[in-house]
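**Student:** Once you've had a glance at the structure underneath, I'll fire off some questions.
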There are 2 protein chains.
Amino acid sequence: MQALAFDVFGTVVDWHGGIVRQGRRLTRGRKLKVDWSAFANAWRSKYGPSMDRVRRGELPWTKIDDLHRMALEETLQEFGIGSFTEEEKVELNLAWHRLDPWPDAVRGLRRLKKRYIVATLSNGNVRLLVDMAKHAGLPWDCIFSAETFRRYKRDAEVYLGAVDMLGLKPSQVMMVAAHQDDLRAAHEVGMRTAFVRRPLEYGDPKKKDLTPDPVFDLVVDDFEHLAERLGA
Amino acid sequence: MQALAFDVFGTVVDWHGGIVRQGRRLTRGRKLKVDWSAFANAWRSKYGPSMDRVRRGELPWTKIDDLHRMALEETLQEFGIGSFTEEEKVELNLAWHRLDPWPDAVRGLRRLKKRYIVATLSNGNVRLLVDMAKHAGLPWDCIFSAETFRRYKRDAEVYLGAVDMLGLKPSQVMMVAAHQDDLRAAHEVGMRTAFVRRPLEYGDPKKKDLTPDPVFDLVVDDFEHLAERLGA
């Protein structure tokens, strides 16, 4: 094995905590009260379905930044929030560029990078992933995005596209993710797979299925654990 | 301006010196005598024409690694060298993955990275650029390759593709290169341009045209000079 491809939202960074933190900052001192944990989960829940619309061809190719914005408008409506300015909405949408990493992520990636190529393989658009890496100090060797291939995970073309650009065979690349369907799609094309338990992805461990599919090659608690298991 | 896009071969790394160094190591202690400086320049001279064959559609999309290998076979023939094994030829072709940076490059990039997004925009394939960054310690935020867009510079699609993935306008991105035609193509699509003098690119300063086109926004001696000029 020569390279590791990482899912990002939920696997490397804590999107729930990051949206809550930045949302609270936005409404601090206002009369408006928002349950930002519920808001974050509602916003995020529109993510998969909106990509599916692109995958089915109902929407032309659309970056995550723009899918996030469409989903933000819907979520604001659902929560009955009508008082944010255009500027505030642009800023809130950019919260996805400024998510913080899980506490083990940077240290684990630094260890893994010494022995392997460490790359993103995320549905986030390139600029989002670049901003996030600069914000969070993520030491990527390479950024692969769905945008690179103009296809969203879980389409096989995304996984195989990254493997091809790395000049490797699928079995020489390990997909690392906190999401079982992502890993199953990687497994289907012949990649190796590591499941990272992230019980707090949705803020509440009861919301997350942590029983791993037995086809996964590795199951780890965090990236330092992954580095240990891979001898890095 | 928010981002800098760097040409790589000759601009960031010393390909001539790197091929000479690795070639000499290969023939050390052998009867075979090779003028590695002439060999490096002959090998490199086939690079532009081979990409032009792809650009004109005479060849299907072909990675630089494979174009380098085709050009290596021709160069070996021209130099009358028939004694390298397949393994040695594979290794020699990988010399392009292990080129050393110009002495100012890493320090300059580290300074520039604090203020700007620093990305490659190279005809080198992704794996080559990743290996080179790991070998040389180049702190890229993002690797853009002709391979990302399946078009070679100087096609406008490569420049505009990178600008689009950065979520910017052409005028917000500066192309940095030691090659005037690369910069002219970037200028044509509205990017800003910085010409870096690299008199030793071909080993001999007489082989390089260092009189810059007046359309370039900046002319600098090296990357530390560039960082100074850009206030980074």
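Labels used: A, B, ... for chains in the order of the structure tokens, numbers from 1 for residues in each chain, and numbers from 1 for ligands as shown.
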Lay chain B over chain A using all C-alpha atoms, matched one to one in order, with a least-squares fit; then write it out as an mmCIF file with C-alpha atoms, in the first residue's frame.
**Tutor:**
data_model
loop_
_atom_site.group_PDB
_atom_site.id
_atom_site.type_symbol
_atom_site.label_atom_id
_atom_site.label_comp_id
_atom_site.auth_asym_id
_atom_site.auth_seq_id
_atom_site.Cartn_x
_atom_site.Cartn_y
_atom_site.Cartn_z
ATOM 1 C CA MET B 1 0.007 -0.005 -0.016
ATOM 2 C CA GLN B 2 1.352 3.399 -0.973
ATOM 3 C CA ALA B 3 -1.379 5.961 -0.477
ATOM 4 C CA LEU B 4 -4.284 6.864 1.783
ATOM 5 C CA ALA B 5 -7.357 8.681 0.459
ATOM 6 C CA PHE B 6 -9.399 10.449 3.125
ATOM 7 C CA ASP B 7 -13.024 11.350 3.231
ATOM 8 C CA VAL B 8 -13.092 14.779 4.897
ATOM 9 C CA PHE B 9 -16.446 15.933 6.362
ATOM 10 C CA GLY B 10 -16.931 13.991 9.585
ATOM 11 C CA THR B 11 -13.804 11.901 9.065
ATOM 12 C CA VAL B 12 -11.082 14.581 9.279
ATOM 13 C CA VAL B 13 -13.072 17.583 10.468
ATOM 14 C CA ASP B 14 -15.970 18.013 12.889
ATOM 15 C CA TRP B 15 -18.587 19.649 10.653
ATOM 16 C CA HIS B 16 -21.315 19.526 13.330
ATOM 17 C CA GLY B 17 -19.209 21.299 15.943
ATOM 18 C CA GLY B 18 -17.925 23.789 13.379
ATOM 19 C CA ILE B 19 -21.359 24.820 12.139
ATOM 20 C CA VAL B 20 -22.666 25.105 15.715
ATOM 21 C CA ARG B 21 -19.677 27.230 16.738
ATOM 22 C CA GLN B 22 -19.947 29.606 13.783
ATOM 23 C CA GLY B 23 -23.761 29.718 13.917
ATOM 24 C CA ARG B 24 -23.714 30.711 17.569
ATOM 25 C CA ARG B 25 -21.260 33.478 16.826
ATOM 26 C CA LEU B 26 -23.656 34.789 14.190
ATOM 27 C CA THR B 27 -26.693 34.946 16.506
ATOM 28 C CA ARG B 28 -24.871 36.005 19.689
ATOM 29 C CA GLY B 29 -26.573 39.052 21.213
ATOM 30 C CA ARG B 30 -29.588 38.779 18.895
ATOM 31 C CA LYS B 31 -33.198 38.186 19.856
ATOM 32 C CA LEU B 32 -33.286 35.316 17.343
ATOM 33 C CA LYS B 33 -32.822 31.940 19.093
ATOM 34 C CA VAL B 34 -31.619 29.057 16.909
ATOM 35 C CA ASP B 35 -30.970 25.428 17.921
ATOM 36 C CA TRP B 36 -27.710 25.309 15.983
ATOM 37 C CA SER B 37 -27.155 21.598 16.597
ATOM 38 C CA ALA B 38 -30.501 20.783 14.983
ATOM 39 C CA PHE B 39 -29.803 23.382 12.283
ATOM 40 C CA ALA B 40 -26.421 21.809 11.455
ATOM 41 C CA ASN B 41 -27.943 18.343 11.148
ATOM 42 C CA ALA B 42 -30.855 19.606 9.034
ATOM 43 C CA TRP B 43 -28.494 21.486 6.705
ATOM 44 C CA ARG B 44 -26.197 18.497 6.384
ATOM 45 C CA SER B 45 -29.107 16.102 5.757
ATOM 46 C CA LYS B 46 -29.793 17.843 2.428
ATOM 47 C CA TYR B 47 -26.239 17.218 1.218
ATOM 48 C CA GLY B 48 -26.625 13.603 0.049
ATOM 49 C CA PRO B 49 -29.952 14.170 -1.732
ATOM 50 C CA SER B 50 -28.613 17.283 -3.505
ATOM 51 C CA MET B 51 -25.574 15.362 -4.810
ATOM 52 C CA ASP B 52 -27.898 12.571 -5.908
ATOM 53 C CA ARG B 53 -29.739 15.099 -8.073
ATOM 54 C CA VAL B 54 -26.415 15.871 -9.796
ATOM 55 C CA ARG B 55 -25.561 12.164 -10.045
ATOM 56 C CA ARG B 56 -28.931 11.427 -11.693
ATOM 57 C CA GLY B 57 -28.473 14.325 -14.118
ATOM 58 C CA GLU B 58 -31.395 16.365 -12.747
ATOM 59 C CA LEU B 59 -28.922 19.158 -12.031
ATOM 60 C CA PRO B 60 -25.885 19.999 -14.186
ATOM 61 C CA TRP B 61 -22.469 19.764 -12.505
ATOM 62 C CA THR B 62 -22.740 21.936 -9.377
ATOM 63 C CA LYS B 63 -20.025 22.572 -6.767
ATOM 64 C CA ILE B 64 -20.663 21.759 -3.121
ATOM 65 C CA ASP B 65 -20.429 25.472 -2.265
ATOM 66 C CA ASP B 66 -23.489 26.026 -4.451
ATOM 67 C CA LEU B 67 -25.307 22.906 -3.210
ATOM 68 C CA HIS B 68 -24.620 24.074 0.369
ATOM 69 C CA ARG B 69 -26.091 27.472 -0.456
ATOM 70 C CA MET B 70 -29.275 25.963 -1.950
ATOM 71 C CA ALA B 71 -29.618 23.714 1.108
ATOM 72 C CA LEU B 72 -28.983 26.695 3.407
ATOM 73 C CA GLU B 73 -31.947 28.575 1.912
ATOM 74 C CA GLU B 74 -34.215 25.561 2.488
ATOM 75 C CA THR B 75 -32.968 25.084 6.040
ATOM 76 C CA LEU B 76 -33.472 28.748 6.892
ATOM 77 C CA GLN B 77 -37.061 28.435 5.635
ATOM 78 C CA GLU B 78 -37.674 25.290 7.681
ATOM 79 C CA PHE B 79 -36.395 27.050 10.787
ATOM 80 C CA GLY B 80 -38.436 30.169 10.004
ATOM 81 C CA ILE B 81 -35.355 32.392 9.877
ATOM 82 C CA GLY B 82 -35.787 35.342 7.549
ATOM 83 C CA SER B 83 -33.555 37.971 9.088
ATOM 84 C CA PHE B 84 -30.082 37.069 7.771
ATOM 85 C CA THR B 85 -28.641 39.494 5.242
ATOM 86 C CA GLU B 86 -27.112 38.251 1.980
ATOM 87 C CA GLU B 87 -23.662 38.963 3.418
ATOM 88 C CA GLU B 88 -24.421 36.899 6.514
ATOM 89 C CA LYS B 89 -25.668 34.003 4.395
ATOM 90 C CA VAL B 90 -22.501 34.104 2.260
ATOM 91 C CA GLU B 91 -20.414 34.035 5.446
ATOM 92 C CA LEU B 92 -22.440 31.226 7.029
ATOM 93 C CA ASN B 93 -22.087 29.164 3.839
ATOM 94 C CA LEU B 94 -18.324 29.616 4.075
ATOM 95 C CA ALA B 95 -18.415 28.038 7.551
ATOM 96 C CA TRP B 96 -17.764 24.729 5.731
ATOM 97 C CA HIS B 97 -14.362 26.132 4.667
ATOM 98 C CA ARG B 98 -13.425 26.817 8.297
ATOM 99 C CA LEU B 99 -14.238 23.580 10.102
ATOM 100 C CA ASP B 100 -11.863 22.395 12.810
ATOM 101 C CA PRO B 101 -10.159 19.004 12.651
ATOM 102 C CA TRP B 102 -10.847 16.247 15.191
ATOM 103 C CA PRO B 103 -8.169 16.510 17.918
ATOM 104 C CA ASP B 104 -6.136 13.542 16.586
ATOM 105 C CA ALA B 105 -6.319 14.448 12.895
ATOM 106 C CA VAL B 106 -3.303 16.703 12.311
ATOM 107 C CA ARG B 107 -0.909 14.610 14.399
ATOM 108 C CA GLY B 108 -2.123 11.402 12.792
ATOM 109 C CA LEU B 109 -1.834 12.797 9.272
ATOM 110 C CA ARG B 110 1.702 14.064 9.947
ATOM 111 C CA ARG B 111 2.748 10.564 11.009
ATOM 112 C CA LEU B 112 1.023 8.877 8.074
ATOM 113 C CA LYS B 113 2.486 11.392 5.592
ATOM 114 C CA LYS B 114 6.015 10.252 6.405
ATOM 115 C CA ARG B 115 5.293 6.791 5.075
ATOM 116 C CA TYR B 116 2.379 7.217 2.650
ATOM 117 C CA ILE B 117 0.920 9.702 0.217
ATOM 118 C CA VAL B 118 -1.966 11.336 2.093
ATOM 119 C CA ALA B 119 -4.696 12.777 -0.106
ATOM 120 C CA THR B 120 -8.243 13.981 0.290
ATOM 121 C CA LEU B 121 -10.963 12.199 -1.646
ATOM 122 C CA SER B 122 -13.906 14.371 -0.793
ATOM 123 C CA ASN B 123 -17.088 15.667 -2.326
ATOM 124 C CA GLY B 124 -16.049 19.137 -1.133
ATOM 125 C CA ASN B 125 -14.906 21.418 -3.951
ATOM 126 C CA VAL B 126 -11.218 22.182 -4.394
ATOM 127 C CA ARG B 127 -11.300 25.716 -2.996
ATOM 128 C CA LEU B 128 -13.233 24.568 0.057
ATOM 129 C CA LEU B 129 -10.650 21.841 0.728
ATOM 130 C CA VAL B 130 -7.747 24.259 0.190
ATOM 131 C CA ASP B 131 -9.221 26.848 2.560
ATOM 132 C CA MET B 132 -9.931 24.151 5.147
ATOM 133 C CA ALA B 133 -6.383 22.776 4.929
ATOM 134 C CA LYS B 134 -4.941 26.259 5.449
ATOM 135 C CA HIS B 135 -7.339 26.973 8.328
ATOM 136 C CA ALA B 136 -6.774 23.659 10.079
ATOM 137 C CA GLY B 137 -3.139 22.932 9.167
ATOM 138 C CA LEU B 138 -3.939 19.701 7.334
ATOM 139 C CA PRO B 139 -0.734 18.523 5.627
ATOM 140 C CA TRP B 140 -2.183 16.988 2.445
ATOM 141 C CA ASP B 141 0.167 15.815 -0.270
ATOM 142 C CA CYS B 142 -2.611 16.174 -2.766
ATOM 143 C CA ILE B 143 -6.229 17.305 -2.928
ATOM 144 C CA PHE B 144 -8.619 15.106 -4.870
ATOM 145 C CA SER B 145 -12.162 16.388 -5.045
ATOM 146 C CA ALA B 146 -15.309 15.183 -6.756
ATOM 147 C CA GLU B 147 -14.805 18.428 -8.690
ATOM 148 C CA THR B 148 -11.572 17.004 -10.157
ATOM 149 C CA PHE B 149 -13.637 14.277 -11.830
ATOM 150 C CA ARG B 150 -16.981 16.096 -12.083
ATOM 151 C CA ARG B 151 -18.643 13.106 -10.417
ATOM 152 C CA TYR B 152 -19.739 12.691 -6.829
ATOM 153 C CA LYS B 153 -18.988 9.831 -4.485
ATOM 154 C CA ARG B 154 -20.301 7.133 -4.355
ATOM 155 C CA ASP B 155 -19.794 6.962 -8.170
ATOM 156 C CA ALA B 156 -16.961 4.527 -8.951
ATOM 157 C CA GLU B 157 -15.325 7.066 -11.319
ATOM 158 C CA VAL B 158 -14.267 9.256 -8.385
ATOM 159 C CA TYR B 159 -12.389 6.463 -6.601
ATOM 160 C CA LEU B 160 -10.854 5.063 -9.789
ATOM 161 C CA GLY B 161 -9.950 8.557 -11.001
ATOM 162 C CA ALA B 162 -7.897 9.226 -7.879
ATOM 163 C CA VAL B 163 -6.234 5.798 -8.053
ATOM 164 C CA ASP B 164 -5.305 6.438 -11.690
ATOM 165 C CA MET B 165 -3.847 9.897 -10.986
ATOM 166 C CA LEU B 166 -1.748 8.335 -8.245
ATOM 167 C CA GLY B 167 -0.392 5.897 -10.825
ATOM 168 C CA LEU B 168 -1.451 2.984 -8.609
ATOM 169 C CA LYS B 169 -3.747 -0.031 -8.562
ATOM 170 C CA PRO B 170 -6.878 0.144 -6.375
ATOM 171 C CA SER B 171 -5.369 -2.379 -3.945
ATOM 172 C CA GLN B 172 -2.442 0.015 -3.347
ATOM 173 C CA VAL B 173 -4.718 2.764 -2.007
ATOM 174 C CA MET B 174 -6.670 2.729 1.252
ATOM 175 C CA MET B 175 -9.879 4.728 1.595
ATOM 176 C CA VAL B 176 -10.280 6.169 5.096
ATOM 177 C CA ALA B 177 -13.762 7.264 6.135
ATOM 178 C CA ALA B 178 -16.245 7.494 8.966
ATOM 179 C CA HIS B 179 -19.038 6.530 6.558
ATOM 180 C CA GLN B 180 -19.754 2.933 5.715
ATOM 181 C CA ASP B 181 -21.348 3.516 2.303
ATOM 182 C CA ASP B 182 -18.261 5.462 1.189
ATOM 183 C CA LEU B 183 -16.048 2.559 2.235
ATOM 184 C CA ARG B 184 -18.305 -0.023 0.626
ATOM 185 C CA ALA B 185 -18.098 1.871 -2.676
ATOM 186 C CA ALA B 186 -14.283 1.998 -2.369
ATOM 187 C CA HIS B 187 -14.212 -1.722 -1.532
ATOM 188 C CA GLU B 188 -16.331 -2.452 -4.612
ATOM 189 C CA VAL B 189 -13.632 -1.028 -6.911
ATOM 190 C CA GLY B 190 -10.875 -2.972 -5.117
ATOM 191 C CA MET B 191 -9.474 -0.358 -2.731
ATOM 192 C CA ARG B 192 -8.500 -1.161 0.820
ATOM 193 C CA THR B 193 -10.672 0.366 3.519
ATOM 194 C CA ALA B 194 -10.293 1.793 7.018
ATOM 195 C CA PHE B 195 -13.361 2.707 9.049
ATOM 196 C CA VAL B 196 -12.800 5.485 11.596
ATOM 197 C CA ARG B 197 -15.309 5.596 14.410
ATOM 198 C CA ARG B 198 -16.435 9.176 14.907
ATOM 199 C CA PRO B 199 -19.246 8.837 17.439
ATOM 200 C CA LEU B 200 -19.764 12.588 17.760
ATOM 201 C CA GLU B 201 -20.170 13.298 14.049
ATOM 202 C CA TYR B 202 -23.800 14.395 14.545
ATOM 203 C CA GLY B 203 -23.222 15.767 18.042
ATOM 204 C CA ASP B 204 -25.005 12.776 19.623
ATOM 205 C CA PRO B 205 -23.493 9.250 19.510
ATOM 206 C CA LYS B 206 -26.985 7.720 19.267
ATOM 207 C CA LYS B 207 -27.313 9.226 15.780
ATOM 208 C CA LYS B 208 -24.366 7.240 14.389
ATOM 209 C CA ASP B 209 -24.094 3.591 13.363
ATOM 210 C CA LEU B 210 -20.717 2.425 14.674
ATOM 211 C CA THR B 211 -21.005 -1.305 13.928
ATOM 212 C CA PRO B 212 -18.607 -1.769 11.028
ATOM 213 C CA ASP B 213 -19.273 -3.857 7.949
ATOM 214 C CA PRO B 214 -17.016 -6.933 8.227
ATOM 215 C CA VAL B 215 -15.597 -6.315 4.725
ATOM 216 C CA PHE B 216 -13.486 -3.378 5.990
ATOM 217 C CA ASP B 217 -9.764 -4.049 6.335
ATOM 218 C CA LEU B 218 -9.301 -1.881 9.424
ATOM 219 C CA VAL B 219 -11.477 -0.366 12.112
ATOM 220 C CA VAL B 220 -9.845 2.404 14.160
ATOM 221 C CA ASP B 221 -10.780 4.958 16.786
ATOM 222 C CA ASP B 222 -8.831 7.863 15.325
ATOM 223 C CA PHE B 223 -5.894 8.765 13.047
ATOM 224 C CA GLU B 224 -3.191 8.078 15.636
ATOM 225 C CA HIS B 225 -4.657 4.620 16.013
ATOM 226 C CA LEU B 226 -4.621 4.298 12.210
ATOM 227 C CA ALA B 227 -0.948 5.356 12.104
ATOM 228 C CA GLU B 228 -0.131 2.711 14.716
ATOM 229 C CA ARG B 229 -1.985 0.000 12.836
ATOM 230 C CA LEU B 230 -0.157 0.930 9.617
ATOM 231 C CA GLY B 231 3.245 1.108 11.278
ATOM 232 C CA ALA B 232 3.652 4.837 10.554
#
**Student:** Stretch 68-169 of chain B: which residues are alpha helix (DSSP H) by DSSP, as a ChimeraX atom specification?
**Tutor:** /B:68-78,86-93,105-115,126-136,146-149,156-165
**Student:** Would you return as a PyMOL selection string the members of stretch 26-227 of chain A that DSSP assigns to strand (DSSP E) on this structure's backbone?
**Tutor:** chain A and resi 117-122+142-145+173-177+192-196+218-220
**Student:** Dump C-alpha atoms for the selected residues as a PDB file, in the first residue's frame?
**Tutor:**
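That gives us part-v3.pdb:
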ATOM      1  CA  ILE A 117       0.922   9.711   0.218  1.00  0.00           C
ATOM      2  CA  VAL A 118      -1.970  11.330   2.090  1.00  0.00           C
ATOM      3  CA  ALA A 119      -4.710  12.776  -0.100  1.00  0.00           C
ATOM      4  CA  THR A 120      -8.254  13.983   0.308  1.00  0.00           C
ATOM      5  CA  LEU A 121     -10.975  12.188  -1.615  1.00  0.00           C
ATOM      6  CA  SER A 122     -13.921  14.371  -0.791  1.00  0.00           C
ATOM      7  CA  CYS A 142      -2.614  16.185  -2.760  1.00  0.00           C
ATOM      8  CA  ILE A 143      -6.232  17.308  -2.926  1.00  0.00           C
ATOM      9  CA  PHE A 144      -8.627  15.113  -4.859  1.00  0.00           C
ATOM     10  CA  SER A 145     -12.163  16.393  -5.038  1.00  0.00           C
ATOM     11  CA  VAL A 173      -4.721   2.759  -1.996  1.00  0.00           C
ATOM     12  CA  MET A 174      -6.680   2.728   1.260  1.00  0.00           C
ATOM     13  CA  MET A 175      -9.888   4.728   1.592  1.00  0.00           C
ATOM     14  CA  VAL A 176     -10.284   6.162   5.094  1.00  0.00           C
ATOM     15  CA  ALA A 177     -13.770   7.262   6.131  1.00  0.00           C
ATOM     16  CA  ARG A 192      -8.501  -1.157   0.825  1.00  0.00           C
ATOM     17  CA  THR A 193     -10.671   0.357   3.524  1.00  0.00           C
ATOM     18  CA  ALA A 194     -10.309   1.797   7.027  1.00  0.00           C
ATOM     19  CA  PHE A 195     -13.376   2.703   9.060  1.00  0.00           C
ATOM     20  CA  VAL A 196     -12.815   5.490  11.594  1.00  0.00           C
ATOM     21  CA  LEU A 218      -9.301  -1.883   9.430  1.00  0.00           C
ATOM     22  CA  VAL A 219     -11.477  -0.360  12.123  1.00  0.00           C
ATOM     23  CA  VAL A 220      -9.846   2.403  14.167  1.00  0.00           C
TER      24      VAL A 220
END
